[in-house]
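Engineer: Got a structure for you, written out below as structure tokens; questions coming shortly.
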2 protein chains.
Amino acid sequence: MKDILIKNVDIITPKGIIENGCIVVDNGVFDYVGEQKEEILKAAYKNIMDKKNMMAAPGLVNAHTHSAMVLLRNFSNDYPINKWLFDYIIPAENRLSSEDIYWGTTLAIAEMIQSGTTAFLDMYLHMERVAEAVSETGIKACLSKDVIKSQVRNNQVVIDKEGFKQFYDQWHNFDNRIKVNTEIHSVFLYDKASLIEAANVAKAFNTSIHIHILEGVGERKMSMEMHKMSPLEACLEYGILDVPVTAAHCIHLEGRDLELIKKKNIIPVHNPSSNLILGSGIAPIVEMMEKEKIPVALGTDGAASNNNLNMFEEMHMASLIHKGLHMNPELMKAGDVLTMATVNGAKALGFNNTGEIQEGKEADLILVDLNKPHLQPFRNHLSAMVYSVQASDVDTTLVNGKILMEKRELKTVDIEKAMAYIKEFKI
Amino acid sequence: MKDILIKNVDIITPKGIIENGCIVVDNGVFDYVGEQKEEILKAAYKNIMDKKNMMAAPGLVNAHTHSAMVLLRNFSNDYPINKWLFDYIIPAENRLSSEDIYWGTTLAIAEMIQSGTTAFLDMYLHMERVAEAVSETGIKACLSKDVIKSQVRNNQVVIDKEGFKQFYDQWHNFDNRIKVNTEIHSVFLYDKASLIEAANVAKAFNTSIHIHILEGVGERKMSMEMHKMSPLEACLEYGILDVPVTAAHCIHLEGRDLELIKKKNIIPVHNPSSNLILGSGIAPIVEMMEKEKIPVALGTDGAASNNNLNMFEEMHMASLIHKGLHMNPELMKAGDVLTMATVNGAKALGFNNTGEIQEGKEADLILVDLNKPHLQPFRNHLSAMVYSVQASDVDTTLVNGKILMEKRELKTVDIEKAMAYIKEFKI
């Protein structure tokens with residue numbers, strides 16, 4: 001008996017929309033995606049989900065976040081970036097315990113599941129507690145583990161290869177839904193030797209690297225001072241680009257930057273809300289995606305600069321701001337933005353068998369309830385996903401064929417306990 | 001016995017946040033707003049609403065929309081504006097019946113109530129059916145009635161003063177929640193004589209005028225060709241600025257435009273989502289609001305260029321895009337954006353006794369459920385309203401002290417009937 005039949009749903013597939021179709025999920029993958037054939041409907045299943053008036057879409061992939069930063073939600077807004085960072089965020093982060101990180105991540109995962117996110121790329125503190133929360137809640141994640149333990153300004157560099165190995169051995173490929181890659185926060189925080197060593201760790205473990213590139217307008221100058229090279233040239237020189245790289249932000253591109261991104265198959269992650277709210281600028285996504293065909297992914301960044309983890313909002317932003325900025329509504333079409341938030345995100349995380357509802361792919365999907373005033377009259381599934389659907393319209397979230405939410409009820413997160421911890425949490 | 005006690009709520013007031021306070025509503029106005037004094041709590045009320053873990057905020061005001069355009073939601077996206085308008089929108093509008101408008105408006109009102117909007121400024125076809133829907137559903141609105149019945153290109157101008165009078169007499173001040181003002185769609189559609197006549201109607205009935213100003217990049221040129229003047233100079237010359245004017249968009253300001261807006265107390269309405277999605281551009285809101293202290297209001301425009309009527313999304317956009325564009329996070333602070341979406345909106349509609357939770361003001365408010373993962377940990381009410389709250393977090397919507405929604409249940413809209421009509425609706 002196969003696991004799940006989802007019937008009477010419209011399905012967004014890579015080949016187009018299947019109206020009133022059905023989906024069979026078995027052993028964590030899509031076993032059938034298509035028309036409602038009689039032999040499919042008549043077979044026996046452990047779970048039959050009749051989801052009339054719903055739309056099945058690939059689960060959203062948040063390709064750059066610091067999930068436990070939900071703990072700093074609405075903590076410091078409308079301030080200049082240095083005040084935000086040095087007066088508020090960093091001092092607060094120094095006070096976060098590993099227990100805070102565990103519950104913060106759990107809360108973030110609840111928010112992500114409720115808003116249709118099935119996988120995320122995370123970079124933060126106490127990654128062992130992040131991994132614990134991910135392992136318990138059933139969501140998919142690529143966890144970026146740091147290897148450089150001291151910053152250059154401390155005049156002492158420690159490369160924690162052993163710590164990396166332990167984390168990697170424990171969590172990489174856990175339950176077919178956690179991947180581990182290498183965190184290099186950025187090039188302007190570390191010296192040459194550290195960056196080379198960190199890249200060597202990524203090469204030794206055959207992982208990708210998760211890095212921030214050109215988020216702030218001053219990063220190029222800092223890199224020039226430290227490395228006598230631009231950030232991306234430093235990455236090239238130090239071996240960082242010898243492995244697959246997922247580069248958050250990529251806002252202030254100049255000179256060879258675009259060429260390097262393309263040549264080295266770097267996956268840029270666009271974080272429109274965070275970049276706007278911090279006044280960091282607007283990344284040249286149209287140039288990257290539409291002109292250079294670079295598979296840009298999409299992320300929320302941490303909630304402290306957003307202040308949520310809502311990928312529907314992020315898709316909305318990504319489409320609208322570039323249309324407006326270029327005064328061209330034909331740019332950043334709904335389908336392309338959905339690709340950023342699904343397939344391209346999956347690539348950015350190193351999950352190569354998900355991001356689309358297609359037979360044989362991992363069963364990461366969401367069901368969106370269309371029976372809402374703000375979605376009627378219903379037409380154009382892709383436009384609706386990007387321009388009209390709200391996070392709260394997600395009825396069901398599946399990861400690897402496991403139901404993490406149905407009828408908006410979280411199945412794997414003890415949300416009462418998490419909320420109770422958060423309500424007592426003080427920073 | 002007074003009407004309603006709302007207790008155990010945090011309250012956003014013009015003087016700051018009252019934590020764990022209470023609100024008394026009587027005869028449609030706020031009778032008490034403040035601390036939970038014993039004599040207030042012990043009194044008798046027709047309805048006691050214990051709303052622990054909720055935040056009371058002023059109802060949102062959508063200061064520019066064409067509400068029945070929800071009928072064209074996701075009808076034509078990602079197209080150049082002329083294709084959008086001439087190949088899709090106008091032909092479709094020509095096929096809309098008055099019955100379609102009635103049900104479309106009803107659906108739009110359901111969406112607005114569910115997303116915390118308590119008042120809107122509407123310009124569209126068959127306004128008598130719009131008025132009917134507004135009157136039945138309890139929402140507040142200013143309805144812009146056209147007077148120019150033929151466009152200049154038809155070579156025949158009819159000023160329907162009698163039709164205006166009938167509409168005005170029937171609906172102006174209806175139930176203390178409908179106002180009627182004068183629609184002049186724009187200056188580039190009509191000749192001088194028509195515009196002067198329309199302005200005269202507004203003066204005769206002492207109404208404000210609702211107009212589109214400089215939405216498209218080509219409007220200045222069209223106006224120069226037709227009127228030998230810029231749109232705002234034509235407004236000035238033809239007497240349109242002799243009455244209060246609410247001007248949607250105001251994107252492509254040049255020369256004297258800003259000076260005229262300020263001098264004539266025009267209220268510009270910013271429609272960020274629509275302006276972005278149509279590629280119309282980005283209005284100079286920072287220049288207007290922050291530099292010139294002009295009380296800009298906020299609107300969604302019609303759903304055909306949005307594709308929703310979600311004022312939370314609009315606030316979010318309004319704050320983020322200008323911070324990002326100017327690379328300055330101190331601009332467009334959460335509190336200022338909330339003012340755009342409430343007090344300034346009320347002014348734009350000519351409702352001068354609402355938009356704030358304050359004793360004596362009309363009781364238009366929303367209660368936002370804070371007990372959600374994406375709003376925790378909860379801090380900073382204003383930031384939360386603009387950056388984190390989702391439309392679906394609105395639990396309760398009151399207009400003039402009447403409950404239009406509670407626990408997300410619509411009280412005055414027959415939503416089943418509206419949805420049934422809309423599902424049969426074909427364009």
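Residue numbering restarts at 1 in every chain; chains get A, B, ... in the order shown in the structure tokens, and ligands count up from 1 in that same order.
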Determine, counting only C-alpha atoms, which protein, DNA and RNA residues have an atom within 12 Å of an atom of Gly28 in chain A; residues of the same chain fewer than 5 positions away are not included. Present the result as a CSV table (one decimal) with C-alpha atoms, in the first residue's frame.
Structural biologist:
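Writing the result to selection32.csv gives the following:
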```csv
chain,number,residue,atom,x,y,z
A,2,LYS,CA,1.4,3.4,-1.0
A,3,ASP,CA,1.7,6.2,1.5
A,4,ILE,CA,-0.4,9.2,0.4
A,138,GLY,CA,11.2,17.2,10.1
A,175,ASP,CA,17.4,11.4,7.6
A,176,ASN,CA,18.0,12.3,4.0
A,177,ARG,CA,17.1,15.9,4.8
A,353,ASN,CA,16.3,16.2,-6.2
A,354,THR,CA,13.6,18.6,-5.0
A,359,GLU,CA,7.7,11.9,-10.4
A,360,GLY,CA,10.8,10.7,-8.7
A,361,LYS,CA,11.6,13.9,-6.9
A,362,GLU,CA,11.5,14.2,-3.1
A,363,ALA,CA,8.0,15.0,-1.9
A,364,ASP,CA,8.4,18.5,-0.6
A,365,LEU,CA,5.2,20.3,-1.3
A,398,LEU,CA,5.0,18.1,3.4
A,399,VAL,CA,8.7,17.3,3.5
A,400,ASN,CA,10.1,14.1,2.1
A,401,GLY,CA,6.4,12.9,2.1
A,402,LYS,CA,5.9,13.5,5.8
A,403,ILE,CA,3.1,15.8,6.9
```
Engineer: Using only C-alpha atoms, which protein or nucleic acid residues come within 12 Å of range 84-99 of chain B? Drop anything in the same chain fewer than 2 positions from it, and give the result as a PyMOL selection string.
Structural biologist: (chain A and resi 329-330) or (chain B and resi 66+68-82+101-106+124-133+277-279+302-305+418+421-422+425-427)
Engineer: How many Å separate CA of Met288 in chain B from CA of Lys262 in chain B?
Structural biologist: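 These two atoms are separated by 8.6 Å.
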Engineer: Step one, run DSSP on the backbone; step two, keep only residues of range 37-278 of chain A assigned to strand (DSSP E or B); then write them as a ChimeraX atom specification.
Structural biologist: /A:45-58,60-65,117-123,140-146,148,159,178-184,209-213,245-249,267-270
Engineer: For the selection just defined, write its residues with C-alpha atoms to a file, as an mmCIF file, in the first residue's frame.
Structural biologist:
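The result, written out as result-v7.cif:
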```cif
data_model
loop_
_atom_site.group_PDB
_atom_site.id
_atom_site.type_symbol
_atom_site.label_atom_id
_atom_site.label_comp_id
_atom_site.auth_asym_id
_atom_site.auth_seq_id
_atom_site.Cartn_x
_atom_site.Cartn_y
_atom_site.Cartn_z
ATOM 1 C CA TYR A 45 -3.340 4.270 0.391
ATOM 2 C CA LYS A 46 -2.387 4.721 4.000
ATOM 3 C CA ASN A 47 -3.666 8.284 3.789
ATOM 4 C CA ILE A 48 -6.083 9.822 1.297
ATOM 5 C CA MET A 49 -6.190 13.609 1.307
ATOM 6 C CA ASP A 50 -9.097 15.123 -0.600
ATOM 7 C CA LYS A 51 -7.954 18.701 -1.154
ATOM 8 C CA LYS A 52 -10.630 20.166 -3.403
ATOM 9 C CA ASN A 53 -10.159 23.898 -4.019
ATOM 10 C CA MET A 54 -6.479 23.651 -3.229
ATOM 11 C CA MET A 55 -3.362 24.118 -5.296
ATOM 12 C CA ALA A 56 -0.248 21.969 -4.874
ATOM 13 C CA ALA A 57 2.986 23.883 -5.267
ATOM 14 C CA PRO A 58 6.607 22.952 -4.623
ATOM 15 C CA LEU A 60 9.481 27.083 -0.822
ATOM 16 C CA VAL A 61 13.211 27.163 -0.155
ATOM 17 C CA ASN A 62 14.623 29.933 2.017
ATOM 18 C CA ALA A 63 18.164 30.063 0.655
ATOM 19 C CA HIS A 64 19.691 32.445 3.188
ATOM 20 C CA THR A 65 18.679 32.918 6.776
ATOM 21 C CA THR A 117 8.892 26.777 3.506
ATOM 22 C CA THR A 118 10.149 23.202 3.321
ATOM 23 C CA ALA A 119 13.906 23.805 3.332
ATOM 24 C CA PHE A 120 16.324 26.486 4.445
ATOM 25 C CA LEU A 121 19.998 27.366 4.411
ATOM 26 C CA ASP A 122 21.130 28.424 7.867
ATOM 27 C CA MET A 123 24.184 30.202 9.220
ATOM 28 C CA LYS A 140 14.889 20.054 5.401
ATOM 29 C CA ALA A 141 17.985 22.201 5.865
ATOM 30 C CA CYS A 142 21.519 22.800 4.823
ATOM 31 C CA LEU A 143 23.439 23.862 7.924
ATOM 32 C CA SER A 144 26.482 26.007 7.453
ATOM 33 C CA LYS A 145 29.112 25.190 10.047
ATOM 34 C CA ASP A 146 31.907 27.650 10.743
ATOM 35 C CA ILE A 148 37.314 29.854 11.560
ATOM 36 C CA ILE A 159 40.756 26.637 12.417
ATOM 37 C CA ILE A 178 20.066 17.617 6.519
ATOM 38 C CA LYS A 179 23.158 18.650 4.628
ATOM 39 C CA VAL A 180 26.206 20.268 6.133
ATOM 40 C CA ASN A 181 28.308 22.796 4.301
ATOM 41 C CA THR A 182 31.041 25.232 5.255
ATOM 42 C CA GLU A 183 30.361 28.686 6.606
ATOM 43 C CA ILE A 184 32.742 31.465 5.707
ATOM 44 C CA ILE A 209 30.531 27.181 0.976
ATOM 45 C CA HIS A 210 27.926 29.634 2.301
ATOM 46 C CA ILE A 211 29.201 33.207 2.360
ATOM 47 C CA HIS A 212 28.016 36.833 2.432
ATOM 48 C CA ILE A 213 29.218 38.794 -0.612
ATOM 49 C CA VAL A 245 29.458 28.655 -3.491
ATOM 50 C CA THR A 246 26.140 30.094 -2.328
ATOM 51 C CA ALA A 247 26.626 33.822 -1.940
ATOM 52 C CA ALA A 248 24.069 35.858 -0.032
ATOM 53 C CA HIS A 249 23.230 39.389 -1.238
ATOM 54 C CA ILE A 267 24.528 30.878 -6.764
ATOM 55 C CA PRO A 268 23.623 34.371 -5.549
ATOM 56 C CA VAL A 269 20.817 34.620 -3.005
ATOM 57 C CA HIS A 270 18.588 37.665 -3.252
#
```
Engineer: Report as a compact mmCIF listing (two decimals) with N, CA, C and O atoms, in the first residue's frame: the residues of range 273-329 of chain B with a DSSP assignment of alpha helix (DSSP H), based on the backbone of this structure.
Structural biologist:
```
# COMPACT_ATOMS: atom_id res chain seq x y z
N SER B 273 2.63 49.01 -4.51
CA SER B 273 2.56 47.72 -5.23
C SER B 273 2.13 47.91 -6.67
O SER B 273 2.74 47.36 -7.59
N SER B 274 1.09 48.69 -6.86
CA SER B 274 0.58 48.89 -8.21
C SER B 274 1.60 49.62 -9.08
O SER B 274 1.83 49.25 -10.24
N ASN B 275 2.22 50.63 -8.52
CA ASN B 275 3.21 51.40 -9.29
C ASN B 275 4.41 50.53 -9.67
O ASN B 275 4.98 50.69 -10.75
N LEU B 276 4.77 49.61 -8.80
CA LEU B 276 5.89 48.71 -9.09
C LEU B 276 5.48 47.67 -10.13
O LEU B 276 6.18 47.44 -11.11
N ILE B 277 4.34 47.03 -9.90
CA ILE B 277 3.97 45.90 -10.75
C ILE B 277 3.69 46.34 -12.18
O ILE B 277 3.96 45.60 -13.13
N ILE B 285 8.18 59.76 -2.38
CA ILE B 285 7.45 59.86 -1.11
C ILE B 285 8.34 60.47 -0.03
O ILE B 285 7.86 61.24 0.81
N MET B 311 -3.63 45.99 2.91
CA MET B 311 -2.94 47.21 3.35
C MET B 311 -1.71 46.92 4.21
O MET B 311 -0.81 47.77 4.32
N PHE B 312 -1.64 45.75 4.83
CA PHE B 312 -0.41 45.39 5.56
C PHE B 312 0.75 45.26 4.58
O PHE B 312 1.86 45.72 4.83
N GLU B 313 0.47 44.59 3.47
CA GLU B 313 1.48 44.45 2.43
C GLU B 313 1.89 45.82 1.91
O GLU B 313 3.07 46.07 1.63
N GLU B 314 0.91 46.70 1.78
CA GLU B 314 1.19 48.03 1.22
C GLU B 314 2.06 48.84 2.18
O GLU B 314 2.98 49.54 1.77
N MET B 315 1.78 48.73 3.49
CA MET B 315 2.62 49.43 4.48
C MET B 315 4.05 48.91 4.41
O MET B 315 5.02 49.68 4.45
N HIS B 316 4.16 47.59 4.36
CA HIS B 316 5.45 46.94 4.28
C HIS B 316 6.25 47.48 3.08
O HIS B 316 7.41 47.89 3.21
N MET B 317 5.60 47.48 1.93
CA MET B 317 6.23 47.98 0.70
C MET B 317 6.65 49.44 0.87
O MET B 317 7.77 49.81 0.51
N ALA B 318 5.72 50.25 1.38
CA ALA B 318 5.97 51.69 1.46
C ALA B 318 7.19 51.97 2.32
O ALA B 318 7.99 52.85 2.02
N SER B 319 7.35 51.24 3.39
CA SER B 319 8.51 51.46 4.24
C SER B 319 9.78 50.95 3.56
O SER B 319 10.78 51.66 3.45
N LEU B 320 9.72 49.72 3.07
CA LEU B 320 10.96 49.07 2.63
C LEU B 320 11.53 49.66 1.35
O LEU B 320 12.75 49.86 1.25
N ILE B 321 10.67 49.92 0.36
CA ILE B 321 11.26 50.34 -0.93
C ILE B 321 11.98 51.68 -0.81
O ILE B 321 13.02 51.87 -1.41
N HIS B 322 11.45 52.59 0.01
CA HIS B 322 12.10 53.90 0.08
C HIS B 322 13.37 53.85 0.93
O HIS B 322 14.35 54.53 0.63
N LYS B 323 13.37 53.05 1.99
CA LYS B 323 14.61 52.83 2.75
C LYS B 323 15.69 52.30 1.81
O LYS B 323 16.84 52.75 1.83
N GLY B 324 15.31 51.33 1.00
CA GLY B 324 16.27 50.67 0.11
C GLY B 324 16.76 51.59 -0.98
O GLY B 324 17.96 51.67 -1.27
N LEU B 325 15.81 52.28 -1.59
CA LEU B 325 16.14 53.17 -2.71
C LEU B 325 17.09 54.27 -2.26
O LEU B 325 18.02 54.62 -2.98
N HIS B 326 16.82 54.81 -1.08
CA HIS B 326 17.67 55.89 -0.56
C HIS B 326 18.84 55.35 0.25
O HIS B 326 19.63 56.14 0.78
```
Engineer: Hey, can you check how far CA of Ile18 in chain A sits from CA of Gly59 in chain A?
Structural biologist: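 Taking CA of Ile18 in chain A and CA of Gly59 in chain A, their separation equals 16.9 Å.
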Engineer: Closest to chain A among B:Asp100, B:Asp10, B:Asp242, B:Asp257, using only C-alpha atoms?
Structural biologist: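 The closest residue to chain A is B:Asp100.
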Engineer: Show which residues sit within 8 Å of range 224-238 of chain B, as a VMD selection string. Count only C-alpha atoms, and ignore same-chain residues fewer than 6 positions away.
Structural biologist: chain B and resid 187 to 188 191 to 192 195 to 196 199 213 to 214 257 260
Engineer: Could you tell me which of A:Gln156, A:Ser67, A:Asn200, A:Ser186 comes closest to chain B if we count only C-alpha atoms?
Structural biologist: A:Ser67
Engineer: Return the single residue from B:His381, B:Arg408, B:Lys42, B:Lys15 that is closest to chain A, with distances computed using only C-alpha atoms.
Structural biologist: B:His381
Engineer: Just the residues within 12 Å of Glu162 in chain B, please, counting only C-alpha atoms, with nothing from its chain fewer than 5 positions along; format it as a PyMOL selection string.
Structural biologist: chain B and resi 145-149+167-169+201+205
